[in-house]
Each structure stands twice: as C-alpha cells, then as structure tokens.
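Asks: Okay, here's the structure, questions in a sec.
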Amino acid sequence: MKKIFLTYLMLIVLSSVAYAHGKKHVHGEGRLDVAVDKGNLSLNLELPLEVAVGFERKPKNDKEKATLEAAGKILQDAGLLWVINSSAGCQLISAQVGLPKFEGGHADIDASYTYQCANPSDLKTIETSLFKSFKRLYRLEVKHVGPKGQGAIRLTPKNPELRW
C-alpha cells in the first residue's frame, strides 16, 4: 500500500507541475505522465477527444457514438498501446479509461495504467502504438519521474519510444 501511495504522490507532483505551467489543450498533442517507484510503474495519459475520434462534442449520432466507444476500447487495451522492455517483467495491474462528460468547450480522454514490475532496475524503454491507433496524434509530451531522475521528452510517430 505504501508503494502505491508513493507512486500516486509522484503523479500528483507531476500533475501539479504541469498545472503550474498552464495546462493547455492542443489538437494533435497528447500528454503522458510516467512514474516509477520501486516495482510500480504508472502511466497517466490525456488525449484531446479530437485526436481520438475527430470531434470534440457530444456524439450526434450512432456512428459517432460507435467511434467514441471504439476509441475507449483501444485505450483500454494496454497490451496494444504500451510495449515495455520484457526484462523488466512488468505485469498490468489496472487500466482505467475516462471518457469525457461533455461539460465544457474542450473535451479530453483520460486514461491510467498501473503495472507491477519484477525487475524495475531493468526498465529501459516504453514504446507506444498510440500514433498508429490515432492518426491525428502527432506528438505526445511526456514527463517522467523515477529512481533515475526526472525529465521530459516529446514522442512522435517517428520516435514513439521513451528511453531511460
């Protein structure tokens, strides 16, 4: 329980830093917070709805509802979205996807993924297929914190891998 608390504490720190710098909503750009705490790996993703489905409002018809539902299913499939180097021995503990409530002008999809890693010191790379799944996504701004320090990197379709 203490490990999980520390992981969430690191994520709160990352989120507050992002908030302090003025959280902005940019079409085509997602945000990812990565925290490593001992054997726990947490990924928190924020994507503009437009990136995932092509619109930023409540679905108007069955086709748009199906498109939104399909995006949610893609984001729920952590095994498809995140490839973690196998020597770290990371196993998915939970994947949660929050679809927008359509209460404001801009809508985002928030998703979080928690892994338990048998060999966290071997954690070297996380590659994402987000760019293949969501063609409107052209960059992912990543902030990461862990035992090897903290930093930021930009992932793109040509560079979809976070390396430590």
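Scheme for the structure tokens: letters A, B, ... for chains in order shown; per-chain residue numbers from 1; ligand numbers from 1 in order shown.
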List the spatial neighbours of Lys65 in chain A as JSON, numbers by chain - criterion: any atom at most 12 Å away, only C-alpha atoms, same-chain residues fewer than 6 positions off excluded.
Replies: {"A": [53, 54, 55, 57, 58, 59, 71, 72, 99]}
Asks: Residues of the last selection are to be written out with C-alpha atoms, as a PDB file, in the first residue's frame.
Replies:
```pdb
ATOM      1  CA  VAL A  53     -12.475  10.492 -32.673  1.00  0.00           C
ATOM      2  CA  GLY A  54     -12.288  13.571 -34.895  1.00  0.00           C
ATOM      3  CA  PHE A  55     -14.713  15.751 -32.932  1.00  0.00           C
ATOM      4  CA  ARG A  57     -18.501  17.432 -28.604  1.00  0.00           C
ATOM      5  CA  LYS A  58     -21.140  15.015 -27.534  1.00  0.00           C
ATOM      6  CA  PRO A  59     -21.696  12.398 -30.270  1.00  0.00           C
ATOM      7  CA  ALA A  71     -11.562   4.740 -29.063  1.00  0.00           C
ATOM      8  CA  GLY A  72     -12.327   3.763 -25.469  1.00  0.00           C
ATOM      9  CA  LEU A  99     -14.395   9.248 -21.468  1.00  0.00           C
TER      10      LEU A  99
END
```
Asks: So which residues touch range 111-113 of chain A within 12 Å, counting only C-alpha atoms, skipping near sequence neighbours fewer than 6 positions away, as a PyMOL selection string?
Replies: chain A and resi 7-8+11+30-35+40-48+71-79+81-82+90-100
Asks: Go ahead and save the residues from that selection, with N, CA, C and O atoms, as a short mmCIF file (atom, residue, chain, number, x, y, z; two decimals), in the first residue's frame.
Replies:
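What follows is the written file selection_1.cif:
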```cif
data_model
loop_
_atom_site.label_atom_id
_atom_site.label_comp_id
_atom_site.auth_asym_id
_atom_site.auth_seq_id
_atom_site.Cartn_x
_atom_site.Cartn_y
_atom_site.Cartn_z
N THR A 7 3.72 6.14 -5.41
CA THR A 7 3.56 6.31 -6.86
C THR A 7 2.55 7.40 -7.15
O THR A 7 2.77 8.27 -7.98
N TYR A 8 1.40 7.35 -6.47
CA TYR A 8 0.39 8.38 -6.70
C TYR A 8 0.87 9.75 -6.26
O TYR A 8 0.55 10.75 -6.88
N LEU A 11 2.86 11.13 -9.03
CA LEU A 11 1.99 11.55 -10.12
C LEU A 11 1.31 12.88 -9.80
O LEU A 11 1.14 13.73 -10.67
N GLY A 30 -0.95 15.00 -27.24
CA GLY A 30 -1.36 14.35 -26.00
C GLY A 30 -0.32 14.58 -24.92
O GLY A 30 0.77 15.08 -25.19
N ARG A 31 -0.68 14.19 -23.72
CA ARG A 31 0.23 14.33 -22.58
C ARG A 31 0.29 12.98 -21.85
O ARG A 31 -0.71 12.29 -21.70
N LEU A 32 1.50 12.64 -21.39
CA LEU A 32 1.71 11.40 -20.66
C LEU A 32 2.60 11.67 -19.47
O LEU A 32 3.67 12.26 -19.62
N ASP A 33 2.16 11.26 -18.29
CA ASP A 33 2.97 11.32 -17.08
C ASP A 33 3.36 9.89 -16.73
O ASP A 33 2.51 8.99 -16.67
N VAL A 34 4.66 9.67 -16.51
CA VAL A 34 5.18 8.35 -16.19
C VAL A 34 5.89 8.43 -14.85
O VAL A 34 6.74 9.30 -14.65
N ALA A 35 5.52 7.53 -13.94
CA ALA A 35 6.17 7.48 -12.62
C ALA A 35 6.62 6.06 -12.34
O ALA A 35 5.86 5.11 -12.55
N ASN A 40 6.66 -0.32 -9.00
CA ASN A 40 5.42 0.19 -9.59
C ASN A 40 5.72 1.14 -10.75
O ASN A 40 6.57 2.01 -10.64
N LEU A 41 4.99 0.95 -11.83
CA LEU A 41 5.07 1.82 -12.99
C LEU A 41 3.66 2.35 -13.25
O LEU A 41 2.72 1.56 -13.38
N SER A 42 3.52 3.66 -13.30
CA SER A 42 2.22 4.28 -13.56
C SER A 42 2.31 5.17 -14.78
O SER A 42 3.25 5.96 -14.91
N LEU A 43 1.33 5.05 -15.66
CA LEU A 43 1.23 5.88 -16.85
C LEU A 43 -0.13 6.59 -16.80
O LEU A 43 -1.15 5.93 -16.66
N ASN A 44 -0.11 7.90 -16.89
CA ASN A 44 -1.34 8.69 -16.95
C ASN A 44 -1.36 9.45 -18.26
O ASN A 44 -0.48 10.27 -18.52
N LEU A 45 -2.37 9.17 -19.07
CA LEU A 45 -2.47 9.71 -20.42
C LEU A 45 -3.66 10.66 -20.53
O LEU A 45 -4.73 10.39 -19.99
N GLU A 46 -3.43 11.75 -21.25
CA GLU A 46 -4.50 12.69 -21.57
C GLU A 46 -4.45 12.98 -23.07
O GLU A 46 -3.43 13.41 -23.59
N LEU A 47 -5.55 12.69 -23.75
CA LEU A 47 -5.65 12.94 -25.18
C LEU A 47 -6.84 13.85 -25.46
O LEU A 47 -7.93 13.61 -24.94
N PRO A 48 -6.67 14.86 -26.29
CA PRO A 48 -7.83 15.63 -26.73
C PRO A 48 -8.79 14.68 -27.47
O PRO A 48 -8.36 13.82 -28.24
N ALA A 71 -12.76 4.08 -29.62
CA ALA A 71 -11.56 4.74 -29.06
C ALA A 71 -11.35 4.31 -27.62
O ALA A 71 -10.21 4.04 -27.20
N GLY A 72 -12.43 4.22 -26.85
CA GLY A 72 -12.33 3.76 -25.47
C GLY A 72 -11.79 2.35 -25.37
O GLY A 72 -10.96 2.04 -24.51
N LYS A 73 -12.22 1.48 -26.28
CA LYS A 73 -11.73 0.09 -26.29
C LYS A 73 -10.25 0.02 -26.64
O LYS A 73 -9.50 -0.77 -26.06
N ILE A 74 -9.83 0.82 -27.60
CA ILE A 74 -8.40 0.86 -27.95
C ILE A 74 -7.58 1.29 -26.74
O ILE A 74 -6.56 0.68 -26.41
N LEU A 75 -8.04 2.33 -26.06
CA LEU A 75 -7.29 2.83 -24.90
C LEU A 75 -7.33 1.87 -23.72
O LEU A 75 -6.43 1.90 -22.87
N GLN A 76 -8.32 1.02 -23.67
CA GLN A 76 -8.42 0.03 -22.59
C GLN A 76 -7.41 -1.11 -22.79
O GLN A 76 -7.01 -1.77 -21.86
N ASP A 77 -6.96 -1.32 -24.03
CA ASP A 77 -6.07 -2.42 -24.38
C ASP A 77 -4.60 -2.00 -24.16
O ASP A 77 -3.88 -1.68 -25.09
N ALA A 78 -4.18 -2.06 -22.90
CA ALA A 78 -2.82 -1.63 -22.54
C ALA A 78 -1.76 -2.45 -23.27
O ALA A 78 -0.71 -1.93 -23.64
N GLY A 79 -2.03 -3.73 -23.50
CA GLY A 79 -1.06 -4.58 -24.19
C GLY A 79 -0.80 -4.13 -25.62
O GLY A 79 0.30 -4.32 -26.15
N LEU A 81 -1.21 -0.82 -26.58
CA LEU A 81 -0.70 0.56 -26.54
C LEU A 81 0.72 0.71 -26.02
O LEU A 81 1.44 1.61 -26.44
N TRP A 82 1.10 -0.12 -25.07
CA TRP A 82 2.39 0.06 -24.38
C TRP A 82 3.21 -1.21 -24.47
O TRP A 82 2.78 -2.27 -24.03
N CYS A 90 7.26 -6.48 -16.29
CA CYS A 90 6.11 -5.68 -15.86
C CYS A 90 4.79 -6.36 -16.24
O CYS A 90 4.60 -6.78 -17.38
N GLN A 91 3.89 -6.44 -15.27
CA GLN A 91 2.56 -7.00 -15.47
C GLN A 91 1.52 -5.93 -15.19
O GLN A 91 1.60 -5.22 -14.19
N LEU A 92 0.54 -5.84 -16.07
CA LEU A 92 -0.53 -4.86 -15.90
C LEU A 92 -1.37 -5.20 -14.67
O LEU A 92 -1.83 -6.34 -14.52
N ILE A 93 -1.58 -4.20 -13.82
CA ILE A 93 -2.43 -4.35 -12.64
C ILE A 93 -3.80 -3.74 -12.92
O ILE A 93 -4.83 -4.31 -12.57
N SER A 94 -3.82 -2.56 -13.55
CA SER A 94 -5.10 -1.93 -13.87
C SER A 94 -4.97 -1.00 -15.06
O SER A 94 -3.91 -0.44 -15.31
N ALA A 95 -6.08 -0.87 -15.78
CA ALA A 95 -6.20 0.07 -16.89
C ALA A 95 -7.57 0.72 -16.75
O ALA A 95 -8.58 0.03 -16.69
N GLN A 96 -7.57 2.04 -16.66
CA GLN A 96 -8.83 2.78 -16.50
C GLN A 96 -8.90 3.88 -17.54
O GLN A 96 -7.94 4.64 -17.70
N VAL A 97 -10.03 3.94 -18.24
CA VAL A 97 -10.24 4.94 -19.27
C VAL A 97 -11.45 5.78 -18.89
O VAL A 97 -12.52 5.25 -18.62
N GLY A 98 -11.24 7.10 -18.86
CA GLY A 98 -12.33 8.03 -18.54
C GLY A 98 -12.73 8.81 -19.78
O GLY A 98 -11.97 9.66 -20.24
N LEU A 99 -13.89 8.50 -20.31
CA LEU A 99 -14.39 9.25 -21.47
C LEU A 99 -14.97 10.57 -20.98
O LEU A 99 -15.43 10.68 -19.84
N PRO A 100 -14.98 11.59 -21.81
CA PRO A 100 -15.41 12.92 -21.38
C PRO A 100 -16.89 12.97 -21.01
O PRO A 100 -17.70 12.19 -21.49
#
```
Asks: A:Lys38, A:Asp108, A:Ala88, A:Glu50: which is nearest Thr67 in chain A, counting only C-alpha atoms?
Replies: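 Counting only C-alpha atoms, the residue closest to Thr67 in chain A is A:Glu50.
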Asks: I need the residue nearest Gly104 in chain A from this list: A:Glu127, A:Glu141, A:Glu56, A:Glu69. Use only C-alpha atoms for the distance.
Replies: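 The closest residue to Gly104 in chain A is A:Glu56.
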Asks: Closest to Gly149 in chain A among A:Trp164, A:Ala66, A:Ile84, A:Cys117, using only C-alpha atoms?
Replies: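 Of A:Trp164, A:Ala66, A:Ile84, A:Cys117, the one nearest Gly149 in chain A, counting only C-alpha atoms, is A:Trp164.
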Asks: Can you pull out the residues contacting Val145 in chain A? Cut-off 8 Å, using only C-alpha atoms, and skip same-chain residues under 2 positions away; I want them as a VMD selection string.
Replies: chain A and resid 10 14 34 to 36 143 147 to 151
Asks: Selection from above, C-alpha atoms, as a PDB file, in the first residue's frame, can you write it?
Replies:
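Output file out.pdb follows:
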```pdb
ATOM      1  CA  MET A  10       4.785  11.324  -7.571  1.00  0.00           C
ATOM      2  CA  LEU A  14       3.961  15.764 -11.921  1.00  0.00           C
ATOM      3  CA  VAL A  34       5.185   8.345 -16.195  1.00  0.00           C
ATOM      4  CA  ALA A  35       6.173   7.482 -12.624  1.00  0.00           C
ATOM      5  CA  VAL A  36       8.406   4.648 -11.482  1.00  0.00           C
ATOM      6  CA  LYS A 143       7.039  13.964 -18.171  1.00  0.00           C
ATOM      7  CA  PRO A 147      14.851   6.410  -9.460  1.00  0.00           C
ATOM      8  CA  LYS A 148      16.964   7.615 -12.390  1.00  0.00           C
ATOM      9  CA  GLY A 149      15.676  11.168 -12.000  1.00  0.00           C
ATOM     10  CA  GLN A 150      13.039  13.194 -13.762  1.00  0.00           C
ATOM     11  CA  GLY A 151      12.732  14.693 -17.178  1.00  0.00           C
TER      12      GLY A 151
END
```
Asks: Would you list, as an NGL selection string, the residues of range 1-163 of chain A that end up in alpha helix (DSSP H) under DSSP run on this structure's backbone?
Replies: :A and (2-20 or 49-53 or 62-76 or 78-81 or 130-133)
Asks: Can you work out the spacing between CA of Arg154 in chain A and CA of Leu123 in chain A in Å, to one decimal?
Replies: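 Here the two named atoms are 18.8 Å from each other.
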Asks: Kindly indicate which residue among A:Leu162, A:Leu155, A:Val142, A:Ile109 lies nearest to Thr125 in chain A, using only C-alpha atoms for the distances.
Replies: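 Checking each candidate against Thr125 in chain A, we get A:Leu162 as the closest.
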Asks: Return the single residue from A:His106, A:Lys101, A:Lys124, A:Arg139 that is closest to Ile153 in chain A, with distances computed using only C-alpha atoms.
Replies: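 With only C-alpha atoms as the atom set, the closest residue is A:Arg139.
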Asks: Let me make sure I understand: among A:Ala152, A:Leu49, A:Pro120, A:Gly39, which one has the smallest atom-to-atom distance to Ser86 in chain A if we use only C-alpha atoms?
Replies: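 Of A:Ala152, A:Leu49, A:Pro120, A:Gly39, the one nearest Ser86 in chain A is A:Pro120, counting only C-alpha atoms.
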